[in-house]
Protein chains: 2
Amino acid sequence: MKTLVMVVEDDRGLREQLVQILATASDMECVGAFASGESALTHISKKQPDVVLMDIRLPGMSGIECVSEIRKFAPAMQIIMVTIYEDSERIFRALKAGANGYLVKSSPPDQLLEAIRDAYKGGAPMSSHIARKVIQHFHMIGPSLKEADNLSPREREVLDLLSLGFIYKEIGAKLNIGSETVRTYVKNICQKMHVRSRLEAVAKHRSAS
Amino acid sequence: MKTLVMVVEDDRGLREQLVQILATASDMECVGAFASGESALTHISKKQPDVVLMDIRLPGMSGIECVSEIRKFAPAMQIIMVTIYEDSERIFRALKAGANGYLVKSSPPDQLLEAIRDAYKGGAPMSSHIARKVIQHFHMIGPSLKEADNLSPREREVLDLLSLGFIYKEIGAKLNIGSETVRTYVKNICQKMHVRSRLEAVAKHRSAS
DNA sequence: TAAACCATCCCCCACTTGGGGTAAAAATCA
DNA sequence: TGATTTTTACCCCAAGTGGGGGATGGTTTA
């Protein structure tokens, strides 16, 4: 079974180049190459590609918007951005919109094919510089304040669920423990983090993550 | 000029294995192999490695703590975590502490060497599954929800204070309004943001920022 | 002008949470 | 092995919160 790939790229030269690269791989099949996000969206449901190569700069709808749209009905489809932009702003917006990978256009053909295979297998292919920028984002948001450091794994688990807005009952149900036990955890967490309420703990927790 | 590499790994077998792999690379030189974070820290200033391979589970100080310590005096040193742990929790803590890469221990030798070169050149080597988990983090914090958009200025003000962990009384005092009024705002905010509680609203609010 | 929205305040009631405990089984460490 | 930490669970009580109302002016807008 071949991996089905779709290309969305407005520059005709580059688009045909991508299609040709795909043709050289015996384990892949190009099921469509479009010049705009709009035209890609009208065909994507029928074609059901496994992986989509998406340019960011497109006429009309941007590649990032297109990713958002695709994600609404195909949460598991693999989408790799292929673009010249290396600014953190676009990278993060694309990733937040739901992209699974991010390659710069200068990537050599074999790296492109390897990236498609990687994405298909559940990886997240990124060009070297892109990966570094992503990692740097974590350095920025910094060493998680030591306040949350000495929480036990279970306590951290509770704190995470708390951060998602669940009440004790629900957390208890999810973790298969009683809500009273959850209360105990929260009390311990509040003590360890030197805050008065679960809400402050969540605020502190999120600002550190 | 060879790339200077240091190894921090408590398991003797694996440590010597890593040293041997490094010995096979003509462009690298192992300048130290330590069994604990503490001993590594006492020698790292003299050895001045370009890249450090760091285990997470270590006796005494954890690998993550060790990374934090190294970052205090060597912000530019490349540190690659080499570990069996693939849980998001540890990955993010390590990255936040300042790690530049994250490999699982099952990585083959040539991938390890390539990762060291990648890190040295300014990349951020990650095993396939690790990269996916990092990317998923961005999917989680999602496309900045616009749900908080149609809040009135006053409501936003209340939401901000709420996010800092204040209770209604305190917010009322700060804004010179009654706590009952604050309650009304929070109720409206919850309605507008389609959530059940102030905590969910805060979670949504912060994750969108 | 009427409708819509905003900011402000109040009531009731059931549920949830914070703060204070106690305690035992399980896992981990020394 | 013994000591410590982690995980689990329960108690009481006072305070805070969520959900449902209603009410008064003021401003904007259709």
# chains A, B, ... in the order shown; residues from 1 in each chain; ligands from 1
>>> calpha_fit_and_write(fixed="chain A", moving="chain B", output="mmCIF file with C-alpha atoms, in the first residue's frame")
data_model
loop_
_atom_site.group_PDB
_atom_site.id
_atom_site.type_symbol
_atom_site.label_atom_id
_atom_site.label_comp_id
_atom_site.auth_asym_id
_atom_site.auth_seq_id
_atom_site.Cartn_x
_atom_site.Cartn_y
_atom_site.Cartn_z
ATOM 1 C CA MET B 1 6.688 2.570 -8.940
ATOM 2 C CA LYS B 2 6.971 6.315 -8.670
ATOM 3 C CA THR B 3 6.115 8.235 -5.549
ATOM 4 C CA LEU B 4 2.926 10.197 -6.214
ATOM 5 C CA VAL B 5 3.089 13.783 -4.988
ATOM 6 C CA MET B 6 0.429 16.463 -4.741
ATOM 7 C CA VAL B 7 1.085 20.187 -4.311
ATOM 8 C CA VAL B 8 -1.209 22.646 -2.520
ATOM 9 C CA GLU B 9 0.102 26.209 -2.813
ATOM 10 C CA ASP B 10 -1.769 29.368 -3.690
ATOM 11 C CA ASP B 11 1.110 31.373 -5.125
ATOM 12 C CA ARG B 12 1.200 30.452 -8.793
ATOM 13 C CA GLY B 13 4.893 31.085 -9.237
ATOM 14 C CA LEU B 14 5.930 28.934 -6.332
ATOM 15 C CA ARG B 15 3.415 26.238 -7.225
ATOM 16 C CA GLU B 16 4.791 25.845 -10.738
ATOM 17 C CA GLN B 17 8.290 25.941 -9.348
ATOM 18 C CA LEU B 18 7.497 23.034 -7.057
ATOM 19 C CA VAL B 19 5.952 21.095 -9.932
ATOM 20 C CA GLN B 20 9.086 21.642 -11.985
ATOM 21 C CA ILE B 21 11.326 20.451 -9.186
ATOM 22 C CA LEU B 22 9.230 17.306 -8.959
ATOM 23 C CA ALA B 23 9.553 16.826 -12.712
ATOM 24 C CA THR B 24 13.328 16.667 -12.381
ATOM 25 C CA ALA B 25 13.077 13.638 -10.099
ATOM 26 C CA SER B 26 12.753 10.388 -11.995
ATOM 27 C CA ASP B 27 11.308 8.601 -8.974
ATOM 28 C CA MET B 28 8.433 11.019 -8.472
ATOM 29 C CA GLU B 29 5.293 12.034 -10.237
ATOM 30 C CA CYS B 30 3.164 15.072 -9.587
ATOM 31 C CA VAL B 31 -0.475 14.026 -9.579
ATOM 32 C CA GLY B 32 -1.957 17.442 -8.964
ATOM 33 C CA ALA B 33 -1.205 21.029 -8.040
ATOM 34 C CA PHE B 34 -3.937 23.080 -6.412
ATOM 35 C CA ALA B 35 -4.259 26.664 -5.289
ATOM 36 C CA SER B 36 -6.611 26.023 -2.378
ATOM 37 C CA GLY B 37 -7.325 23.443 0.284
ATOM 38 C CA GLU B 38 -10.903 23.101 -0.915
ATOM 39 C CA SER B 39 -9.985 22.167 -4.478
ATOM 40 C CA ALA B 40 -7.277 19.807 -3.237
ATOM 41 C CA LEU B 41 -9.789 17.994 -1.028
ATOM 42 C CA THR B 42 -12.173 17.404 -3.915
ATOM 43 C CA HIS B 43 -9.483 15.632 -5.940
ATOM 44 C CA ILE B 44 -7.317 13.955 -3.375
ATOM 45 C CA SER B 45 -9.390 10.778 -3.049
ATOM 46 C CA LYS B 46 -9.148 10.067 -6.764
ATOM 47 C CA LYS B 47 -5.475 10.983 -7.067
ATOM 48 C CA GLN B 48 -4.357 9.058 -3.992
ATOM 49 C CA PRO B 49 -0.972 10.774 -3.611
ATOM 50 C CA ASP B 50 1.682 9.228 -1.385
ATOM 51 C CA VAL B 51 2.963 12.595 -0.246
ATOM 52 C CA VAL B 52 1.294 16.032 -0.109
ATOM 53 C CA LEU B 53 3.228 19.296 -0.033
ATOM 54 C CA MET B 54 1.031 21.769 1.798
ATOM 55 C CA ASP B 55 1.308 25.516 2.197
ATOM 56 C CA ILE B 56 -0.054 26.975 5.434
ATOM 57 C CA ARG B 57 -1.332 30.303 4.212
ATOM 58 C CA LEU B 58 -4.061 29.543 1.741
ATOM 59 C CA PRO B 59 -7.083 31.537 0.650
ATOM 60 C CA GLY B 60 -10.173 30.260 2.458
ATOM 61 C CA MET B 61 -9.368 27.094 4.392
ATOM 62 C CA SER B 62 -5.919 27.208 5.949
ATOM 63 C CA GLY B 63 -3.329 24.536 5.261
ATOM 64 C CA ILE B 64 -3.634 23.351 8.836
ATOM 65 C CA GLU B 65 -7.387 22.905 8.534
ATOM 66 C CA CYS B 66 -6.826 21.090 5.274
ATOM 67 C CA VAL B 67 -4.439 18.670 7.001
ATOM 68 C CA SER B 68 -7.100 17.974 9.619
ATOM 69 C CA GLU B 69 -9.613 17.193 6.895
ATOM 70 C CA ILE B 70 -7.245 14.891 5.016
ATOM 71 C CA ARG B 71 -6.434 13.032 8.233
ATOM 72 C CA LYS B 72 -10.100 12.146 8.651
ATOM 73 C CA PHE B 73 -10.055 9.786 5.674
ATOM 74 C CA ALA B 74 -6.343 9.213 4.975
ATOM 75 C CA PRO B 75 -4.512 8.671 8.251
ATOM 76 C CA ALA B 76 -1.458 7.207 6.545
ATOM 77 C CA MET B 77 -0.926 9.811 3.839
ATOM 78 C CA GLN B 78 2.327 11.726 4.257
ATOM 79 C CA ILE B 79 1.847 15.472 4.534
ATOM 80 C CA ILE B 80 4.747 17.909 4.524
ATOM 81 C CA MET B 81 4.132 21.545 5.352
ATOM 82 C CA VAL B 82 6.101 23.884 3.083
ATOM 83 C CA THR B 83 5.812 27.384 4.419
ATOM 84 C CA ILE B 84 7.512 30.586 5.408
ATOM 85 C CA TYR B 85 6.183 30.493 8.961
ATOM 86 C CA GLU B 86 8.638 29.488 11.630
ATOM 87 C CA ASP B 87 6.722 30.444 14.748
ATOM 88 C CA SER B 88 6.240 27.677 17.293
ATOM 89 C CA GLU B 89 2.533 28.323 17.340
ATOM 90 C CA ARG B 90 1.940 27.334 13.736
ATOM 91 C CA ILE B 91 4.489 24.540 13.782
ATOM 92 C CA PHE B 92 2.820 22.801 16.680
ATOM 93 C CA ARG B 93 -0.682 23.314 15.368
ATOM 94 C CA ALA B 94 0.327 21.820 12.036
ATOM 95 C CA LEU B 95 2.032 18.843 13.654
ATOM 96 C CA LYS B 96 -0.879 18.268 15.983
ATOM 97 C CA ALA B 97 -3.252 18.400 13.052
ATOM 98 C CA GLY B 98 -1.323 15.489 11.593
ATOM 99 C CA ALA B 99 1.515 16.830 9.448
ATOM 100 C CA ASN B 100 4.511 14.518 9.039
ATOM 101 C CA GLY B 101 7.127 17.077 8.167
ATOM 102 C CA TYR B 102 7.756 20.808 8.114
ATOM 103 C CA LEU B 103 10.013 22.610 5.668
ATOM 104 C CA VAL B 104 10.679 26.293 5.257
ATOM 105 C CA LYS B 105 10.138 27.602 1.740
ATOM 106 C CA SER B 106 13.752 28.609 1.384
ATOM 107 C CA SER B 107 14.815 24.960 1.335
ATOM 108 C CA PRO B 108 16.843 24.091 -1.766
ATOM 109 C CA PRO B 109 15.323 21.727 -4.389
ATOM 110 C CA ASP B 110 17.441 18.708 -3.548
ATOM 111 C CA GLN B 111 16.531 19.040 0.120
ATOM 112 C CA LEU B 112 12.878 19.152 -0.836
ATOM 113 C CA LEU B 113 13.152 15.961 -2.888
ATOM 114 C CA GLU B 114 15.108 14.278 -0.141
ATOM 115 C CA ALA B 115 12.419 15.286 2.332
ATOM 116 C CA ILE B 116 9.723 13.717 0.192
ATOM 117 C CA ARG B 117 11.681 10.471 0.003
ATOM 118 C CA ASP B 118 12.308 10.619 3.733
ATOM 119 C CA ALA B 119 8.619 11.115 4.498
ATOM 120 C CA TYR B 120 7.673 8.303 2.127
ATOM 121 C CA LYS B 121 10.081 5.963 3.915
ATOM 122 C CA GLY B 122 8.517 6.788 7.275
ATOM 123 C CA GLY B 123 10.738 9.627 8.425
ATOM 124 C CA ALA B 124 9.758 13.115 9.519
ATOM 125 C CA PRO B 125 11.687 15.674 7.481
ATOM 126 C CA MET B 126 12.138 19.013 9.204
ATOM 127 C CA SER B 127 14.214 22.066 8.464
ATOM 128 C CA SER B 128 16.987 22.583 10.947
ATOM 129 C CA HIS B 129 15.357 25.419 12.867
ATOM 130 C CA ILE B 130 12.008 23.695 12.940
ATOM 131 C CA ALA B 131 13.549 20.605 14.492
ATOM 132 C CA ARG B 132 15.158 22.749 17.141
ATOM 133 C CA LYS B 133 11.858 24.354 18.025
ATOM 134 C CA VAL B 134 10.227 20.964 18.303
ATOM 135 C CA ILE B 135 13.000 19.750 20.588
ATOM 136 C CA GLN B 136 12.761 22.886 22.681
ATOM 137 C CA HIS B 137 9.165 22.019 23.346
ATOM 138 C CA PHE B 138 10.397 18.969 25.220
ATOM 139 C CA HIS B 139 12.927 21.014 27.138
ATOM 140 C CA MET B 140 10.070 23.246 28.224
ATOM 141 C CA ILE B 141 7.866 20.511 29.595
ATOM 142 C CA GLY B 142 11.071 19.591 31.293
ATOM 143 C CA PRO B 143 12.291 16.816 33.520
ATOM 144 C CA SER B 144 9.100 15.892 35.286
ATOM 145 C CA LEU B 145 9.467 17.969 38.378
ATOM 146 C CA LYS B 146 9.350 16.044 41.583
ATOM 147 C CA GLU B 147 7.971 19.091 43.373
ATOM 148 C CA ALA B 148 4.545 17.508 43.602
ATOM 149 C CA ASP B 149 6.065 14.447 45.227
ATOM 150 C CA ASN B 150 5.900 15.334 48.879
ATOM 151 C CA LEU B 151 2.293 16.386 48.738
ATOM 152 C CA SER B 152 -0.011 14.458 51.018
ATOM 153 C CA PRO B 153 -2.665 12.280 49.337
ATOM 154 C CA ARG B 154 -5.366 14.734 50.271
ATOM 155 C CA GLU B 155 -3.364 17.622 48.906
ATOM 156 C CA ARG B 156 -2.833 15.789 45.644
ATOM 157 C CA GLU B 157 -6.548 15.167 45.449
ATOM 158 C CA VAL B 158 -7.211 18.854 45.867
ATOM 159 C CA LEU B 159 -4.579 19.732 43.286
ATOM 160 C CA ASP B 160 -6.140 17.360 40.777
ATOM 161 C CA LEU B 161 -9.569 18.909 41.178
ATOM 162 C CA LEU B 162 -7.989 22.333 41.002
ATOM 163 C CA SER B 163 -6.423 21.320 37.693
ATOM 164 C CA LEU B 164 -9.855 20.542 36.335
ATOM 165 C CA GLY B 165 -10.898 24.107 36.935
ATOM 166 C CA PHE B 166 -13.098 23.796 40.019
ATOM 167 C CA ILE B 167 -13.269 26.583 42.545
ATOM 168 C CA TYR B 168 -12.794 26.027 46.263
ATOM 169 C CA LYS B 169 -16.509 25.741 46.985
ATOM 170 C CA GLU B 170 -16.949 23.011 44.418
ATOM 171 C CA ILE B 171 -13.888 21.115 45.546
ATOM 172 C CA GLY B 172 -15.121 21.307 49.119
ATOM 173 C CA ALA B 173 -18.476 19.931 48.051
ATOM 174 C CA LYS B 174 -16.863 17.051 46.171
ATOM 175 C CA LEU B 175 -14.568 16.103 49.035
ATOM 176 C CA ASN B 176 -17.147 16.813 51.700
ATOM 177 C CA ILE B 177 -15.016 19.393 53.431
ATOM 178 C CA GLY B 178 -15.415 23.114 53.879
ATOM 179 C CA SER B 179 -14.128 25.577 51.340
ATOM 180 C CA GLU B 180 -11.950 27.088 54.051
ATOM 181 C CA THR B 181 -10.236 23.749 54.430
ATOM 182 C CA VAL B 182 -9.651 23.651 50.720
ATOM 183 C CA ARG B 183 -8.060 27.072 51.017
ATOM 184 C CA THR B 184 -5.724 25.749 53.671
ATOM 185 C CA TYR B 185 -4.711 22.860 51.420
ATOM 186 C CA VAL B 186 -4.073 25.156 48.507
ATOM 187 C CA LYS B 187 -1.927 27.386 50.689
ATOM 188 C CA ASN B 188 0.109 24.374 51.788
ATOM 189 C CA ILE B 189 0.365 23.114 48.226
ATOM 190 C CA CYS B 190 1.639 26.483 47.059
ATOM 191 C CA GLN B 191 4.249 26.489 49.776
ATOM 192 C CA LYS B 192 5.418 22.978 49.029
ATOM 193 C CA MET B 193 5.600 23.583 45.317
ATOM 194 C CA HIS B 194 7.306 26.962 45.713
ATOM 195 C CA VAL B 195 4.732 28.851 43.712
ATOM 196 C CA ARG B 196 2.615 31.890 44.451
ATOM 197 C CA SER B 197 -0.798 30.868 43.230
ATOM 198 C CA ARG B 198 -3.058 27.921 42.551
ATOM 199 C CA LEU B 199 -2.687 28.697 38.874
ATOM 200 C CA GLU B 200 1.071 28.298 38.917
ATOM 201 C CA ALA B 201 0.676 25.093 40.872
ATOM 202 C CA VAL B 202 -1.695 23.756 38.251
ATOM 203 C CA ALA B 203 0.647 24.790 35.460
ATOM 204 C CA LYS B 204 3.570 23.080 37.146
ATOM 205 C CA HIS B 205 1.499 20.034 37.956
ATOM 206 C CA ARG B 206 0.249 19.495 34.450
ATOM 207 C CA SER B 207 3.535 20.161 32.748
ATOM 208 C CA ALA B 208 5.108 17.498 34.894
ATOM 209 C CA SER B 209 2.633 14.824 33.925
#
>>> closest_atom_pairs(of="chain D", to="chain A", cutoff="10 Å", atoms="only C-alpha atoms (C1' of nucleotides)", output="JSON lines")
{"residue": "D:DT5", "atom": "C1'", "partner": "A:Ser152", "partner_atom": "CA", "distance": 9.4}
{"residue": "D:DT6", "atom": "C1'", "partner": "A:Ser152", "partner_atom": "CA", "distance": 7.5}
{"residue": "D:DT7", "atom": "C1'", "partner": "A:Arg154", "partner_atom": "CA", "distance": 8.0}
{"residue": "D:DT8", "atom": "C1'", "partner": "A:Thr181", "partner_atom": "CA", "distance": 6.6}
{"residue": "D:DA9", "atom": "C1'", "partner": "A:Thr181", "partner_atom": "CA", "distance": 6.0}
{"residue": "D:DC10", "atom": "C1'", "partner": "A:Glu180", "partner_atom": "CA", "distance": 7.6}
>>> select_by_dssp(residues="segment 8-206 of chain A", states="strand (DSSP E or B)", output="VMD selection string")
chain A and resid 8 28 to 34 51 to 54 78 to 83 101 to 104 126
>>> write_last_selection(atoms="N, CA, C and O atoms", output="mmCIF file, in the first residue's frame")
data_model
loop_
_atom_site.group_PDB
_atom_site.id
_atom_site.type_symbol
_atom_site.label_atom_id
_atom_site.label_comp_id
_atom_site.auth_asym_id
_atom_site.auth_seq_id
_atom_site.Cartn_x
_atom_site.Cartn_y
_atom_site.Cartn_z
ATOM 1 N N VAL A 8 0.151 21.122 -1.949
ATOM 2 C CA VAL A 8 -0.510 22.421 -2.076
ATOM 3 C C VAL A 8 0.579 23.486 -2.139
ATOM 4 O O VAL A 8 1.246 23.765 -1.136
ATOM 5 N N MET A 28 5.334 5.837 -2.696
ATOM 6 C CA MET A 28 4.419 6.967 -2.566
ATOM 7 C C MET A 28 3.653 7.216 -3.847
ATOM 8 O O MET A 28 4.075 6.869 -4.934
ATOM 9 N N GLU A 29 2.495 7.860 -3.661
ATOM 10 C CA GLU A 29 1.694 8.196 -4.831
ATOM 11 C C GLU A 29 1.097 9.575 -4.619
ATOM 12 O O GLU A 29 0.484 9.841 -3.579
ATOM 13 N N CYS A 30 1.280 10.436 -5.610
ATOM 14 C CA CYS A 30 0.727 11.779 -5.505
ATOM 15 C C CYS A 30 -0.732 11.752 -5.946
ATOM 16 O O CYS A 30 -1.039 11.377 -7.074
ATOM 17 N N VAL A 31 -1.622 12.112 -5.055
ATOM 18 C CA VAL A 31 -3.051 12.045 -5.385
ATOM 19 C C VAL A 31 -3.639 13.427 -5.650
ATOM 20 O O VAL A 31 -4.851 13.601 -5.651
ATOM 21 N N GLY A 32 -2.765 14.392 -5.889
ATOM 22 C CA GLY A 32 -3.285 15.722 -6.178
ATOM 23 C C GLY A 32 -2.253 16.790 -5.927
ATOM 24 O O GLY A 32 -1.459 16.690 -4.999
ATOM 25 N N ALA A 33 -2.244 17.817 -6.783
ATOM 26 C CA ALA A 33 -1.331 18.944 -6.603
ATOM 27 C C ALA A 33 -2.130 20.198 -6.913
ATOM 28 O O ALA A 33 -2.616 20.369 -8.037
ATOM 29 N N PHE A 34 -2.287 21.057 -5.914
ATOM 30 C CA PHE A 34 -3.144 22.230 -6.082
ATOM 31 C C PHE A 34 -2.388 23.527 -5.841
ATOM 32 O O PHE A 34 -1.389 23.549 -5.117
ATOM 33 N N VAL A 51 -0.657 12.070 3.692
ATOM 34 C CA VAL A 51 0.214 13.192 4.057
ATOM 35 C C VAL A 51 -0.021 14.358 3.094
ATOM 36 O O VAL A 51 -0.204 14.158 1.892
ATOM 37 N N VAL A 52 -0.034 15.568 3.621
ATOM 38 C CA VAL A 52 -0.198 16.762 2.787
ATOM 39 C C VAL A 52 1.045 17.636 2.922
ATOM 40 O O VAL A 52 1.501 17.908 4.032
ATOM 41 N N LEU A 53 1.596 18.034 1.782
ATOM 42 C CA LEU A 53 2.694 18.998 1.794
ATOM 43 C C LEU A 53 2.070 20.358 1.547
ATOM 44 O O LEU A 53 1.397 20.568 0.539
ATOM 45 N N MET A 54 2.270 21.285 2.459
ATOM 46 C CA MET A 54 1.549 22.554 2.399
ATOM 47 C C MET A 54 2.481 23.760 2.412
ATOM 48 O O MET A 54 3.324 23.885 3.308
ATOM 49 N N GLN A 78 -1.738 13.763 8.256
ATOM 50 C CA GLN A 78 -0.419 14.331 8.517
ATOM 51 C C GLN A 78 -0.182 15.523 7.585
ATOM 52 O O GLN A 78 -0.305 15.395 6.369
ATOM 53 N N ILE A 79 0.155 16.646 8.158
ATOM 54 C CA ILE A 79 0.380 17.842 7.352
ATOM 55 C C ILE A 79 1.784 18.384 7.606
ATOM 56 O O ILE A 79 2.153 18.666 8.755
ATOM 57 N N ILE A 80 2.562 18.487 6.524
ATOM 58 C CA ILE A 80 3.926 19.011 6.650
ATOM 59 C C ILE A 80 4.003 20.359 5.943
ATOM 60 O O ILE A 80 3.658 20.464 4.759
ATOM 61 N N MET A 81 4.409 21.376 6.663
ATOM 62 C CA MET A 81 4.587 22.669 6.037
ATOM 63 C C MET A 81 5.908 22.636 5.254
ATOM 64 O O MET A 81 6.930 22.154 5.774
ATOM 65 N N VAL A 82 5.873 23.130 4.022
ATOM 66 C CA VAL A 82 7.092 23.211 3.216
ATOM 67 C C VAL A 82 7.183 24.658 2.756
ATOM 68 O O VAL A 82 6.414 25.094 1.913
ATOM 69 N N THR A 83 8.100 25.406 3.335
ATOM 70 C CA THR A 83 8.057 26.850 3.124
ATOM 71 C C THR A 83 9.420 27.505 3.291
ATOM 72 O O THR A 83 10.360 26.880 3.797
ATOM 73 N N GLY A 101 4.656 18.767 10.858
ATOM 74 C CA GLY A 101 6.063 18.881 10.523
ATOM 75 C C GLY A 101 6.314 20.216 9.859
ATOM 76 O O GLY A 101 5.364 20.933 9.517
ATOM 77 N N TYR A 102 7.603 20.563 9.694
ATOM 78 C CA TYR A 102 7.898 21.880 9.151
ATOM 79 C C TYR A 102 9.254 21.826 8.463
ATOM 80 O O TYR A 102 10.287 21.737 9.125
ATOM 81 N N LEU A 103 9.238 21.857 7.142
ATOM 82 C CA LEU A 103 10.493 21.791 6.391
ATOM 83 C C LEU A 103 10.739 23.095 5.651
ATOM 84 O O LEU A 103 9.798 23.758 5.226
ATOM 85 N N VAL A 104 12.008 23.461 5.531
ATOM 86 C CA VAL A 104 12.329 24.609 4.690
ATOM 87 C C VAL A 104 12.435 24.118 3.253
ATOM 88 O O VAL A 104 12.774 22.962 3.003
ATOM 89 N N MET A 126 11.197 17.867 11.149
ATOM 90 C CA MET A 126 11.483 19.300 11.170
ATOM 91 C C MET A 126 12.886 19.552 10.649
ATOM 92 O O MET A 126 13.802 18.781 10.955
#
>>> atom_distance(atom1="atom C1' of DG2 of chain D", atom2="atom C1' of DT28 of chain C")
12.3 Å
>>> residues_around(residues="DT27 of chain D", least_positions_apart="5", cutoff="12 Å", atoms="only C-alpha atoms (C1' of nucleotides)", output="list in words")
DA4, DC5, DC6 and DA7 of chain C
>>> residues_around(residues="DT24 of chain D", least_positions_apart="3", cutoff="12 Å", atoms="only C-alpha atoms (C1' of nucleotides)", output="PyMOL selection string")
chain C and resi 7-10
>>> atom_distance(atom1="atom C1' of DA15 of chain D", atom2="atom C1' of DG18 of chain C")
7.7 Å
>>> select_by_dssp(residues="segment 16-174 of chain A", states="alpha helix (DSSP H)", output="JSON, numbers by chain")
{"A": [16, 17, 18, 19, 20, 21, 22, 23, 37, 38, 39, 40, 41, 42, 43, 44, 45, 46, 47, 63, 64, 65, 66, 67, 68, 69, 70, 71, 72, 73, 88, 89, 90, 91, 92, 93, 94, 95, 96, 97, 109, 110, 111, 112, 113, 114, 115, 116, 117, 118, 119, 120, 128, 129, 130, 131, 132, 133, 134, 135, 136, 137, 138, 139, 140, 153, 154, 155, 156, 157, 158, 159, 160, 161, 162, 163, 168, 169, 170, 171, 172, 173, 174]}
>>> closest_atom_pairs(of="chain C", to="chain A", cutoff="9 Å", atoms="only C-alpha atoms (C1' of nucleotides)", output="JSON lines")
{"residue": "C:DT16", "atom": "C1'", "partner": "A:Ile167", "partner_atom": "CA", "distance": 8.4}
{"residue": "C:DT17", "atom": "C1'", "partner": "A:Ser197", "partner_atom": "CA", "distance": 8.6}
{"residue": "C:DG18", "atom": "C1'", "partner": "A:Ser197", "partner_atom": "CA", "distance": 7.2}
{"residue": "C:DG19", "atom": "C1'", "partner": "A:Lys187", "partner_atom": "CA", "distance": 8.7}
>>> write_last_selection(atoms="N, CA and C atoms (P, O5', C5', C4', C3', O3' and C1' of nucleotides)", output="PDB file, in the first residue's frame")
ATOM      1  P    DT C  16     -20.711  18.991  43.604  1.00  0.00           P
ATOM      2  O5'  DT C  16     -19.614  20.096  43.953  1.00  0.00           O
ATOM      3  C5'  DT C  16     -19.660  21.332  43.262  1.00  0.00           C
ATOM      4  C4'  DT C  16     -18.478  22.189  43.683  1.00  0.00           C
ATOM      5  C3'  DT C  16     -17.185  21.416  43.944  1.00  0.00           C
ATOM      6  O3'  DT C  16     -16.125  22.103  43.294  1.00  0.00           O
ATOM      7  C1'  DT C  16     -17.754  22.723  45.851  1.00  0.00           C
ATOM      8  P    DT C  17     -14.638  21.575  43.338  1.00  0.00           P
ATOM      9  O5'  DT C  17     -14.033  22.487  44.503  1.00  0.00           O
ATOM     10  C5'  DT C  17     -14.198  23.892  44.415  1.00  0.00           C
ATOM     11  C4'  DT C  17     -13.683  24.577  45.663  1.00  0.00           C
ATOM     12  C3'  DT C  17     -12.283  24.140  46.112  1.00  0.00           C
ATOM     13  O3'  DT C  17     -11.498  25.302  46.247  1.00  0.00           O
ATOM     14  C1'  DT C  17     -13.784  24.137  47.933  1.00  0.00           C
ATOM     15  P    DG C  18      -9.956  25.200  46.564  1.00  0.00           P
ATOM     16  O5'  DG C  18      -9.863  25.599  48.099  1.00  0.00           O
ATOM     17  C5'  DG C  18     -10.367  26.857  48.513  1.00  0.00           C
ATOM     18  C4'  DG C  18     -10.007  27.141  49.961  1.00  0.00           C
ATOM     19  C3'  DG C  18      -8.617  26.695  50.401  1.00  0.00           C
ATOM     20  O3'  DG C  18      -8.127  27.667  51.332  1.00  0.00           O
ATOM     21  C1'  DG C  18     -10.253  25.549  51.677  1.00  0.00           C
ATOM     22  P    DG C  19      -6.777  27.540  52.049  1.00  0.00           P
ATOM     23  O5'  DG C  19      -7.146  26.845  53.440  1.00  0.00           O
ATOM     24  C5'  DG C  19      -7.989  27.536  54.380  1.00  0.00           C
ATOM     25  C4'  DG C  19      -7.982  26.774  55.682  1.00  0.00           C
ATOM     26  C3'  DG C  19      -6.625  26.096  56.002  1.00  0.00           C
ATOM     27  O3'  DG C  19      -6.247  26.351  57.336  1.00  0.00           O
ATOM     28  C1'  DG C  19      -8.373  24.510  56.081  1.00  0.00           C
TER      29       DG C  19
END
>>> atom_distance(atom1="atom C1' of DT4 of chain D", atom2="atom C1' of DA27 of chain C")
10.4 Å
